[in-house]
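Raw data_10.cif, mmCIF, C-alpha atoms:
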data_upload
loop_
_atom_site.label_atom_id
_atom_site.label_comp_id
_atom_site.auth_asym_id
_atom_site.auth_seq_id
_atom_site.Cartn_x
_atom_site.Cartn_y
_atom_site.Cartn_z
CA MET A 1 121.12 119.20 133.11
CA GLU A 2 120.43 116.88 136.05
CA GLN A 3 117.45 114.53 135.70
CA SER A 4 115.97 115.92 138.93
CA GLU A 5 115.99 119.41 137.41
CA VAL A 6 114.27 118.11 134.24
CA MET A 7 111.70 116.35 136.45
CA GLU A 8 111.03 119.52 138.41
CA ARG A 9 110.49 121.55 135.24
CA VAL A 10 108.31 118.83 133.67
CA VAL A 11 106.04 118.80 136.73
CA LYS A 12 105.84 122.60 136.71
CA ILE A 13 104.84 122.55 133.02
CA LEU A 14 102.25 119.83 133.61
CA THR A 15 100.64 121.57 136.59
CA PRO A 16 98.14 123.84 134.74
CA TRP A 17 96.72 120.80 132.89
CA VAL A 18 96.47 118.47 135.88
CA LYS A 19 92.93 117.76 137.07
CA ASP A 20 93.87 115.56 140.02
CA GLU A 21 95.89 117.85 142.24
CA ALA A 22 96.18 115.22 144.97
CA ALA A 23 98.06 113.00 142.52
CA LEU A 24 100.33 115.91 141.72
CA ALA A 25 101.39 116.11 145.37
CA SER A 26 102.83 112.60 145.17
CA VAL A 27 104.09 112.72 141.62
CA ALA A 28 106.89 110.30 140.71
CA MET A 29 108.63 109.03 137.59
CA GLU A 30 106.04 106.26 137.23
CA THR A 31 103.01 108.57 137.56
CA ASN A 32 100.83 108.19 134.46
CA ILE A 33 100.12 111.57 132.88
CA LEU A 34 96.65 110.73 131.54
CA GLU A 35 95.40 108.15 134.04
CA ASP A 36 96.87 109.43 137.32
CA LEU A 37 97.14 113.17 136.75
CA LYS A 38 93.97 113.21 134.60
CA VAL A 39 95.43 115.44 131.94
CA ASN A 40 92.96 115.66 129.02
CA SER A 41 94.41 113.57 126.18
CA ALA A 42 93.43 116.22 123.62
CA ARG A 43 95.53 118.73 125.56
CA LEU A 44 98.63 116.53 125.67
CA VAL A 45 99.74 118.31 122.52
CA ASP A 46 99.83 121.63 124.39
CA VAL A 47 101.88 120.04 127.15
CA VAL A 48 104.37 118.69 124.60
CA ILE A 49 104.62 122.07 122.89
CA ALA A 50 105.27 123.65 126.30
CA PHE A 51 108.10 121.10 126.79
CA GLU A 52 109.53 122.15 123.40
CA ASP A 53 109.42 125.83 124.31
CA ASP A 54 110.74 125.46 127.83
CA PHE A 55 113.63 123.15 126.97
CA ASP A 56 114.23 124.55 123.46
CA ILE A 57 113.97 121.11 121.83
CA GLU A 58 111.89 119.64 119.00
CA ILE A 59 109.64 116.65 119.63
CA ALA A 60 108.32 114.53 116.78
CA ASP A 61 104.78 113.11 116.75
CA GLU A 62 106.14 109.58 116.99
CA ASP A 63 108.15 110.48 120.12
CA VAL A 64 104.90 111.32 121.89
CA ASP A 65 103.69 107.72 121.38
CA GLN A 66 106.31 106.61 123.90
CA VAL A 67 105.19 109.08 126.58
CA ASN A 68 102.80 107.64 129.14
CA THR A 69 104.42 108.53 132.44
CA VAL A 70 106.19 111.55 133.86
CA GLY A 71 109.38 109.46 133.70
CA ASP A 72 108.84 108.83 129.97
CA ALA A 73 108.63 112.59 129.43
CA VAL A 74 111.73 113.22 131.54
CA ASN A 75 113.71 110.57 129.66
CA LEU A 76 112.54 111.84 126.26
CA ILE A 77 113.53 115.40 127.12
CA SER A 78 116.83 114.39 128.72
CA GLY A 79 117.70 112.48 125.56
CA LYS A 80 117.25 115.61 123.47
CA LEU A 81 119.24 118.03 125.66
CA MET B 82 110.10 103.10 97.30
CA THR B 83 106.42 102.65 98.01
CA ALA B 84 104.24 105.18 99.80
CA ASP B 85 104.06 102.77 102.72
CA THR B 86 107.79 102.42 103.05
CA GLN B 87 108.11 106.21 103.03
CA LEU B 88 105.52 106.44 105.78
CA GLY B 89 107.21 103.72 107.79
CA ALA B 90 104.30 101.27 107.95
CA ASP B 91 105.69 98.00 109.29
CA SER B 92 104.98 94.63 107.72
CA GLU B 93 102.75 93.59 110.64
CA THR B 94 100.53 96.68 110.14
CA ILE B 95 100.32 95.93 106.42
CA ARG B 96 99.42 92.25 107.01
CA ARG B 97 96.87 93.09 109.71
CA HIS B 98 95.20 95.69 107.51
CA ALA B 99 95.08 93.36 104.50
CA ARG B 100 93.40 90.65 106.61
CA HIS B 101 90.89 93.11 108.07
CA ARG B 102 90.14 94.47 104.61
CA ARG B 103 89.46 90.99 103.20
CA VAL B 104 87.00 90.19 106.00
CA SER B 105 85.22 93.54 105.55
CA MET B 106 84.91 93.09 101.79
CA LEU B 107 83.65 89.50 102.04
CA THR B 108 81.00 90.35 104.63
CA SER B 109 80.00 93.71 103.15
CA PRO B 110 76.75 92.47 101.53
CA ILE B 111 75.49 91.62 105.03
CA TRP B 112 76.50 94.69 106.99
CA VAL B 113 75.99 97.27 104.26
CA SER B 114 72.44 95.99 103.65
CA ALA B 115 71.74 95.84 107.38
CA CYS B 116 72.96 99.42 107.95
CA VAL B 117 70.99 100.85 105.05
CA LEU B 118 67.83 98.99 106.07
CA LEU B 119 68.17 100.15 109.68
CA MET B 120 68.54 103.77 108.62
CA ARG B 121 65.80 103.69 106.01
CA VAL B 122 63.24 101.39 107.58
CA TRP B 123 63.79 101.37 111.33
CA PHE B 124 65.03 104.91 111.96
CA ARG B 125 63.42 106.36 108.80
CA TYR B 126 66.18 108.94 108.37
CA ARG B 127 66.27 111.21 105.37
CA ILE B 128 69.27 113.16 104.08
CA ALA B 129 68.25 116.63 102.93
CA ASP B 130 69.04 117.31 99.28
CA VAL B 131 70.80 113.95 99.10
CA GLU B 132 71.37 113.94 95.33
CA ALA B 133 73.23 117.26 95.48
CA VAL B 134 75.40 116.01 98.39
CA ARG B 135 76.29 112.83 96.51
CA ALA B 136 77.03 114.73 93.30
CA GLN B 137 79.29 117.12 95.23
CA TYR B 138 81.13 114.18 96.80
CA ARG B 139 81.63 112.48 93.43
CA LYS B 140 83.00 115.74 92.01
CA ILE B 141 85.42 116.18 94.93
CA ARG B 142 86.62 112.58 94.53
CA THR B 143 87.40 113.04 90.85
CA GLN B 144 89.29 116.33 91.31
CA SER B 145 92.50 114.67 92.52
CA ASP B 146 94.12 111.26 92.96
CA GLY B 147 95.78 112.37 96.18
CA PRO B 148 94.72 111.04 99.57
CA ILE B 149 91.49 112.30 101.04
CA LEU B 150 90.58 112.20 104.70
CA ILE B 151 86.99 112.81 105.76
CA CYS B 152 86.63 114.82 108.99
CA ALA B 153 83.22 115.40 110.50
CA ASN B 154 81.53 116.93 113.50
CA HIS B 155 80.34 114.32 115.97
CA LEU B 156 76.97 114.28 117.72
CA THR B 157 75.75 110.65 117.70
CA LEU B 158 77.08 107.09 117.75
CA VAL B 159 75.92 106.45 114.18
CA ASP B 160 77.35 109.57 112.51
CA SER B 161 79.80 107.58 110.41
CA PHE B 162 77.01 105.37 108.98
CA VAL B 163 74.77 108.37 108.30
CA ILE B 164 77.62 110.21 106.57
CA ALA B 165 78.51 107.20 104.41
CA TRP B 166 74.87 106.92 103.37
CA ALA B 167 74.78 110.65 102.57
CA LEU B 168 77.83 110.27 100.32
CA GLY B 169 76.61 107.25 98.33
CA THR B 170 73.53 105.12 97.78
CA GLY B 171 73.09 101.69 99.39
CA PRO B 172 73.42 99.91 96.02
CA TYR B 173 76.59 101.88 95.25
CA TRP B 174 78.27 100.87 98.51
CA LEU B 175 77.10 97.27 98.01
CA THR B 176 78.92 97.16 94.70
CA HIS B 177 81.88 99.34 95.79
CA PRO B 178 82.50 98.40 99.45
CA ASP B 179 86.21 99.10 98.95
CA GLU B 180 85.34 102.81 98.58
CA LEU B 181 83.47 103.02 101.88
CA PRO B 182 85.45 105.05 104.40
CA TRP B 183 87.17 103.30 107.30
CA ASN B 184 86.16 104.51 110.77
CA THR B 185 87.88 104.79 114.13
CA PRO B 186 85.11 104.38 116.73
CA GLU B 187 85.74 104.64 120.46
CA ALA B 188 86.57 101.13 121.66
CA THR B 189 84.70 101.53 124.93
CA ASN B 190 81.46 102.40 123.10
CA PHE B 191 81.54 99.56 120.59
CA GLY B 192 83.78 96.91 122.10
CA ARG B 193 81.77 95.76 125.12
CA THR B 194 80.76 92.34 123.73
CA TRP B 195 82.39 89.96 121.29
CA LEU B 196 79.39 90.40 118.97
CA ALA B 197 79.82 94.18 118.93
CA ARG B 198 83.55 93.78 118.38
CA ALA B 199 82.94 91.37 115.49
CA ALA B 200 80.32 93.68 113.95
CA ILE B 201 82.53 96.75 113.97
CA TYR B 202 85.49 94.72 112.72
CA MET B 203 83.44 93.69 109.69
CA ALA B 204 82.14 97.23 109.16
CA LYS B 205 85.58 98.69 108.37
CA CYS B 206 86.17 100.01 111.88
CA ILE B 207 89.51 100.35 113.61
CA PRO B 208 88.64 100.91 117.28
CA ILE B 209 90.64 103.48 119.20
CA THR B 210 90.82 104.05 122.94
CA ARG B 211 90.76 107.79 123.33
CA GLY B 212 92.95 108.87 126.17
CA GLY B 213 94.43 105.38 126.25
CA ALA B 214 98.08 104.38 126.03
CA ARG B 215 99.85 106.59 123.51
CA GLU B 216 101.34 103.60 121.74
CA GLY B 217 97.88 102.16 121.00
CA VAL B 218 96.64 105.49 119.67
CA GLY B 219 99.82 105.80 117.60
CA ASP B 220 99.22 102.34 116.07
CA VAL B 221 95.73 103.35 114.92
CA LEU B 222 97.07 106.57 113.40
CA GLU B 223 99.75 104.58 111.57
CA ARG B 224 97.07 102.28 110.16
CA VAL B 225 95.03 105.23 108.94
CA LYS B 226 98.12 106.65 107.24
CA HIS B 227 98.75 103.24 105.66
CA LEU B 228 95.24 102.97 104.23
CA LEU B 229 95.31 106.54 102.89
CA ALA B 230 98.67 105.83 101.25
CA ASN B 231 96.95 102.96 99.45
CA GLY B 232 94.12 105.05 98.02
CA GLU B 233 91.53 104.14 100.65
CA THR B 234 89.45 106.66 102.57
CA ALA B 235 89.01 107.16 106.29
CA LEU B 236 86.49 109.12 108.32
CA LEU B 237 87.69 110.66 111.57
CA PHE B 238 86.10 112.89 114.14
CA PRO B 239 88.70 115.50 115.01
CA GLU B 240 86.95 116.37 118.27
CA ALA B 241 87.93 112.90 119.53
CA GLY B 242 84.45 112.24 120.90
CA ARG B 243 80.89 113.44 120.63
CA SER B 244 80.51 117.21 121.16
CA ARG B 245 79.28 117.44 124.75
CA SER B 246 78.06 121.01 124.21
CA GLY B 247 76.22 120.06 121.01
CA ARG B 248 78.54 122.39 119.11
CA VAL B 249 81.95 121.84 117.52
CA GLU B 250 84.48 122.44 120.28
CA GLU B 251 87.88 123.83 119.36
CA SER B 252 89.26 122.94 122.77
CA SER B 253 88.59 119.25 122.07
CA ALA B 254 90.64 119.17 118.87
CA ALA B 255 92.75 116.01 118.83
CA TRP B 256 96.04 116.56 117.06
CA GLY B 257 96.22 113.00 115.70
CA VAL B 258 94.20 114.08 112.69
CA GLY B 259 96.84 116.72 111.95
CA ARG B 260 99.50 114.06 112.23
CA ILE B 261 97.79 112.03 109.50
CA VAL B 262 97.25 115.01 107.21
CA GLY B 263 100.84 116.16 107.76
CA ALA B 264 102.16 112.81 106.54
CA PHE B 265 101.03 113.56 102.98
CA PRO B 266 102.09 116.68 101.07
CA ASP B 267 98.92 116.67 98.96
CA CYS B 268 96.33 115.44 101.47
CA ARG B 269 92.87 116.91 101.07
CA VAL B 270 90.41 116.98 103.92
CA LEU B 271 86.74 116.67 103.19
CA CYS B 272 85.03 118.44 106.08
CA VAL B 273 81.50 117.17 106.67
CA TYR B 274 79.00 118.95 108.87
CA ALA B 275 76.00 116.71 109.56
CA ARG B 276 73.13 117.45 111.90
CA GLY B 277 69.60 116.17 112.30
CA ARG B 278 67.02 118.95 112.35
CA ARG B 279 65.80 117.69 115.72
CA GLN B 280 69.30 117.17 117.08
CA GLU B 281 69.61 119.78 119.81
CA THR B 282 72.68 118.32 121.46
CA TRP B 283 74.79 115.16 121.51
CA GLY B 284 73.18 111.73 121.98
CA ASP B 285 73.31 108.08 120.94
CA PHE B 286 71.13 108.28 117.81
CA PRO B 287 69.41 110.96 115.74
CA ALA B 288 65.66 111.04 116.45
CA LYS B 289 63.53 108.63 114.42
CA ASP B 290 62.10 110.20 111.23
CA ASP B 291 64.65 113.00 111.41
CA THR B 292 65.91 114.82 108.33
CA ILE B 293 69.65 115.21 108.42
CA ASP B 294 71.36 118.18 106.79
CA VAL B 295 74.81 117.43 105.39
CA GLU B 296 77.26 120.08 104.18
CA LEU B 297 80.61 119.36 102.50
CA ALA B 298 83.73 121.50 102.11
CA CYS B 299 87.10 120.36 100.83
CA ILE B 300 90.25 122.00 102.20
CA GLU B 301 94.00 121.43 101.96
CA PRO B 302 95.46 122.33 105.34
CA LYS B 303 99.08 123.56 105.23
CA SER B 304 101.58 124.49 107.91
CA ASP B 305 105.23 125.56 107.96
CA ALA B 306 105.63 124.48 111.58
CA LYS B 307 107.39 121.26 112.58
CA GLY B 308 106.74 118.25 114.83
CA VAL B 309 103.71 118.24 117.10
CA ARG B 310 103.23 121.98 116.59
CA ARG B 311 102.59 121.27 112.89
CA SER B 312 100.10 118.52 113.71
CA ARG B 313 98.24 120.83 116.08
CA ASP B 314 98.21 123.61 113.50
CA LEU B 315 96.76 121.30 110.81
CA ALA B 316 94.15 119.87 113.21
CA GLN B 317 93.06 123.38 114.22
CA GLN B 318 92.53 124.36 110.58
CA ILE B 319 90.16 121.42 110.21
CA ILE B 320 88.27 122.16 113.42
CA ARG B 321 87.91 125.84 112.46
CA GLN B 322 86.52 124.84 109.08
CA LEU B 323 83.92 122.67 110.86
CA MET B 324 83.12 125.57 113.21
CA ASN B 325 82.63 127.89 110.23
CA MET B 326 80.32 125.33 108.63
CA GLU B 327 78.37 125.08 111.86
CA ASP B 328 77.99 128.86 112.07
CA ALA B 329 76.76 128.90 108.46
CA TYR B 330 74.35 126.05 109.22
CA PHE B 331 72.75 127.85 112.16
CA ALA B 332 72.65 131.18 110.32
CA LYS B 333 70.79 129.45 107.45
CA ARG B 334 68.46 127.73 109.92
CA GLU B 335 67.65 131.04 111.62
CA GLU B 336 67.03 132.68 108.26
CA GLY B 337 64.61 129.86 107.44
CA ALA B 338 62.83 130.30 110.79
CA ASP B 339 62.59 134.07 110.26
CA ALA B 340 61.15 133.57 106.77
CA ARG B 341 58.46 131.29 108.20
#

Representation of the structure as structure tokens:
Amino acid sequence: MEQSEVMERVVKILTPWVKDEAALASVAMETNILEDLKVNSARLVDVVIAFEDDFDIEIADEDVDQVNTVGDAVNLISGKL
Amino acid sequence: MTADTQLGADSETIRRHARHRRVSMLTSPIWVSACVLLMRVWFRYRIADVEAVRAQYRKIRTQSDGPILICANHLTLVDSFVIAWALGTGPYWLTHPDELPWNTPEATNFGRTWLARAAIYMAKCIPITRGGAREGVGDVLERVKHLLANGETALLFPEAGRSRSGRVEESSAAWGVGRIVGAFPDCRVLCVYARGRRQETWGDFPAKDDTIDVELACIEPKSDAKGVRRSRDLAQQIIRQLMNMEDAYFAKREEGADAR
């Protein structure tokens, strides 16, 4: 799967949890999920589970520690496909 | 293979924790006395039925040698001190400071000045920045796992912040607590519901002269799920237990009001 396709699906999954929709309009690989998109940190787990379901992969707790930006999520998922 | 090696605690985490622990133990006569005096003399708090709460805690502690994590509802900045005082007397903690639970307070609340940072460092606190960089949060969770693996106790607030509605909020459940519990096959969770009788909603401190009700319930959360789904599942079991305790607390309070 192309990285651009992973990115597109990641952004689509993130959308319901994003509180700053303006930031979503200019989302990029370096966009911070918590600080820029204002996703509630307690809800990050739901986002990760949605990644698991959508891409049919399994993500360990420790993997989530490396995810700060949209690009981190894309790279993590791409590495598991 | 030690419990730590199995959990993957690195040597830096182990060294850092050992150093922190030594400082906390050495300074405990100062901060334990200060905390107890503040609660007894300045705030004049009382724990309702305190002997029964302490006896129940002692019984729970002796029931198993496995790790025990304390998870509580969160309404004020001093909940962890109030809970520790409810679980043991001042003289007991002065002579057994190693048994006092470690805490993970919000860094932005307690880390504004060097004095505050030094005070919480001494008082067995590992500050966490909620919503901060995942790696920093992960480091704190690894430290909590390390201390549980070594027979120490930690107190966490699974709502990851004070309950803004004044009630336990399932939607605020942080899954980090599930990650810690899931690291141990036999981990027990001591759920603590604490609330001052004049505590209507969240705040900085319970009202002066308040009587604080404390309820305990010990559970062993289990889940067949894997990865983050498992951590979320375990965290939700803890939050639901706290919600059930809260419902029971208010039902009892209403019964009391009706009887009067």

| request: Write out as a ChimeraX atom specification each polymer residue whose atoms come within 8 Å of A:Leu34, counting all atoms listed in the file; drop sequence neighbours fewer than 3 positions from it. | output: /A:37-41,68 /B:212-213

Report as a compact mmCIF listing (two decimals) with C-alpha atoms, in the coordinates of the input all protein, DNA and RNA residues lying within 10 Å of B:Ile95, evaluated on all atoms listed in the file, omitting residues in the same chain fewer than 5 positions from it.
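That gives us selection.txt:
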# COMPACT_ATOMS: atom_id res chain seq x y z
CA ASP B 85 104.06 102.77 102.72
CA ALA B 90 104.30 101.27 107.95
CA ARG B 100 93.40 90.65 106.61
CA HIS B 101 90.89 93.11 108.07
CA ARG B 224 97.07 102.28 110.16
CA HIS B 227 98.75 103.24 105.66
CA LEU B 228 95.24 102.97 104.23

| said: If the PyMOL selection byres ((chain B) within 10 of (chain A)) were run on this exact file, what residues would it hold? Put them as a count of residues only. | reply: 29

| Within 10 Å of B:Asp290 using all atoms listed in the file, minus same-chain residues under 6 positions, as a list of chain:residue names | B:Met120, B:Arg121, B:Val122, B:Trp123, B:Phe124, B:Arg125, B:Tyr126, B:Arg127, B:Gly277, B:Arg279

| query | Quick one, how far is atom CA of B:Ala133 from atom CA of B:Asn184? | reply |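 Interatomic distance, atom CA of B:Ala133 to atom CA of B:Asn184: 23.7 Å.
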
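Atom CA of B:Gln317 sits 27.4 Å away from atom CA of A:Val74.
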
Neighbour list for stretch 292-298 of chain B as a JSON list (two decimals) with C-alpha atoms, keeping the file's coordinate frame, cut-off 8 Å, only C-alpha atoms, skip fewer than 4 positions in-chain:
[["chain", "number", "residue", "atom", "x", "y", "z"],
["B", 126, "TYR", "CA", 66.18, 108.94, 108.37],
["B", 127, "ARG", "CA", 66.27, 111.21, 105.37],
["B", 128, "ILE", "CA", 69.27, 113.16, 104.08],
["B", 129, "ALA", "CA", 68.25, 116.63, 102.93],
["B", 130, "ASP", "CA", 69.04, 117.31, 99.28],
["B", 134, "VAL", "CA", 75.40, 116.01, 98.39],
["B", 137, "GLN", "CA", 79.29, 117.12, 95.23],
["B", 138, "TYR", "CA", 81.13, 114.18, 96.80],
["B", 164, "ILE", "CA", 77.62, 110.21, 106.57],
["B", 167, "ALA", "CA", 74.78, 110.65, 102.57],
["B", 271, "LEU", "CA", 86.74, 116.67, 103.19],
["B", 272, "CYS", "CA", 85.03, 118.44, 106.08],
["B", 273, "VAL", "CA", 81.50, 117.17, 106.67],
["B", 274, "TYR", "CA", 79.00, 118.95, 108.87],
["B", 275, "ALA", "CA", 76.00, 116.71, 109.56],
["B", 276, "ARG", "CA", 73.13, 117.45, 111.90],
["B", 277, "GLY", "CA", 69.60, 116.17, 112.30],
["B", 278, "ARG", "CA", 67.02, 118.95, 112.35],
["B", 279, "ARG", "CA", 65.80, 117.69, 115.72],
["B", 326, "MET", "CA", 80.32, 125.33, 108.63]]

| said: Quick check, in Å to one decimal: how far apart do atom CA of B:Lys205 and atom CA of B:Arg103 lie? | reply: 10.1 Å

| said: Please list as number ranges by chain every residue within 9 Å of B:Thr189, counting all atoms listed in the file and excluding residues in the same chain fewer than 2 positions away. | reply: B: 186-187, 191-193, 208-211

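Minimum atom-to-atom distance to B:Leu236, evaluated using all atoms listed in the file, belongs to B:Glu180 out of B:Glu93, B:Asp339, B:Glu180, B:Asp146.
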
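Evaluated against this file, the PyMOL selection byres ((chain B and resi 300) around 7) yields Arg269, Val270, Leu271, Ala298, Cys299, Glu301 and Pro302 of chain B.
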
Selection from above, C-alpha atoms, as a CSV table (one decimal), keeping the file's coordinate frame, can you write it?
chain,number,residue,atom,x,y,z
B,269,ARG,CA,92.9,116.9,101.1
B,270,VAL,CA,90.4,117.0,103.9
B,271,LEU,CA,86.7,116.7,103.2
B,298,ALA,CA,83.7,121.5,102.1
B,299,CYS,CA,87.1,120.4,100.8
B,301,GLU,CA,94.0,121.4,102.0
B,302,PRO,CA,95.5,122.3,105.3

Got a minute to add N, CA and C atoms to stretch 20-50 of chain A and dump it as a CSV table (one decimal), in the frame of the given file?
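Dumped to result-v2.csv:
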chain,number,residue,atom,x,y,z
A,20,ASP,N,93.8,116.2,138.7
A,20,ASP,CA,93.9,115.6,140.0
A,20,ASP,C,95.1,116.1,140.8
A,21,GLU,N,94.8,117.2,141.6
A,21,GLU,CA,95.9,117.8,142.2
A,21,GLU,C,96.5,117.0,143.4
A,22,ALA,N,95.7,116.1,143.9
A,22,ALA,CA,96.2,115.2,145.0
A,22,ALA,C,97.3,114.3,144.4
A,23,ALA,N,97.1,113.9,143.2
A,23,ALA,CA,98.1,113.0,142.5
A,23,ALA,C,99.3,113.8,142.3
A,24,LEU,N,99.2,115.1,142.0
A,24,LEU,CA,100.3,115.9,141.7
A,24,LEU,C,101.2,116.0,142.9
A,25,ALA,N,100.6,116.0,144.1
A,25,ALA,CA,101.4,116.1,145.4
A,25,ALA,C,102.3,114.9,145.6
A,26,SER,N,102.0,113.8,145.0
A,26,SER,CA,102.8,112.6,145.2
A,26,SER,C,103.4,112.1,143.8
A,27,VAL,N,103.6,113.1,143.0
A,27,VAL,CA,104.1,112.7,141.6
A,27,VAL,C,105.5,112.1,141.7
A,28,ALA,N,105.6,111.0,140.8
A,28,ALA,CA,106.9,110.3,140.7
A,28,ALA,C,107.1,110.0,139.2
A,29,MET,N,108.3,109.4,139.0
A,29,MET,CA,108.6,109.0,137.6
A,29,MET,C,107.6,108.1,137.0
A,30,GLU,N,107.0,107.2,137.8
A,30,GLU,CA,106.0,106.3,137.2
A,30,GLU,C,104.6,106.8,137.2
A,31,THR,N,104.4,108.0,137.6
A,31,THR,CA,103.0,108.6,137.6
A,31,THR,C,102.5,108.7,136.1
A,32,ASN,N,101.4,108.1,135.8
A,32,ASN,CA,100.8,108.2,134.5
A,32,ASN,C,100.2,109.6,134.2
A,33,ILE,N,100.6,110.2,133.1
A,33,ILE,CA,100.1,111.6,132.9
A,33,ILE,C,98.6,111.6,132.6
A,34,LEU,N,98.1,110.7,131.9
A,34,LEU,CA,96.6,110.7,131.5
A,34,LEU,C,95.8,110.1,132.6
A,35,GLU,N,96.2,108.9,133.1
A,35,GLU,CA,95.4,108.2,134.0
A,35,GLU,C,95.5,108.7,135.5
A,36,ASP,N,96.7,109.0,135.9
A,36,ASP,CA,96.9,109.4,137.3
A,36,ASP,C,96.6,110.9,137.5
A,37,LEU,N,97.3,111.7,136.6
A,37,LEU,CA,97.1,113.2,136.8
A,37,LEU,C,95.9,113.7,136.1
A,38,LYS,N,95.2,112.8,135.3
A,38,LYS,CA,94.0,113.2,134.6
A,38,LYS,C,94.1,114.4,133.7
A,39,VAL,N,95.3,114.4,133.0
A,39,VAL,CA,95.4,115.4,131.9
A,39,VAL,C,94.6,115.0,130.7
A,40,ASN,N,93.8,116.0,130.2
A,40,ASN,CA,93.0,115.7,129.0
A,40,ASN,C,93.9,115.2,127.8
A,41,SER,N,93.5,114.1,127.2
A,41,SER,CA,94.4,113.6,126.2
A,41,SER,C,94.5,114.5,125.0
A,42,ALA,N,93.4,115.3,124.7
A,42,ALA,CA,93.4,116.2,123.6
A,42,ALA,C,94.4,117.4,123.9
A,43,ARG,N,94.7,117.6,125.2
A,43,ARG,CA,95.5,118.7,125.6
A,43,ARG,C,97.0,118.3,125.7
A,44,LEU,N,97.3,117.0,125.5
A,44,LEU,CA,98.6,116.5,125.7
A,44,LEU,C,99.5,117.3,124.7
A,45,VAL,N,99.0,117.6,123.5
A,45,VAL,CA,99.7,118.3,122.5
A,45,VAL,C,100.2,119.7,123.1
A,46,ASP,N,99.4,120.3,123.8
A,46,ASP,CA,99.8,121.6,124.4
A,46,ASP,C,100.9,121.4,125.4
A,47,VAL,N,100.8,120.3,126.2
A,47,VAL,CA,101.9,120.0,127.2
A,47,VAL,C,103.2,119.8,126.4
A,48,VAL,N,103.1,119.0,125.3
A,48,VAL,CA,104.4,118.7,124.6
A,48,VAL,C,105.0,120.0,124.0
A,49,ILE,N,104.1,120.8,123.5
A,49,ILE,CA,104.6,122.1,122.9
A,49,ILE,C,105.3,123.0,124.0
A,50,ALA,N,104.7,122.9,125.2
A,50,ALA,CA,105.3,123.6,126.3
A,50,ALA,C,106.6,123.1,126.7
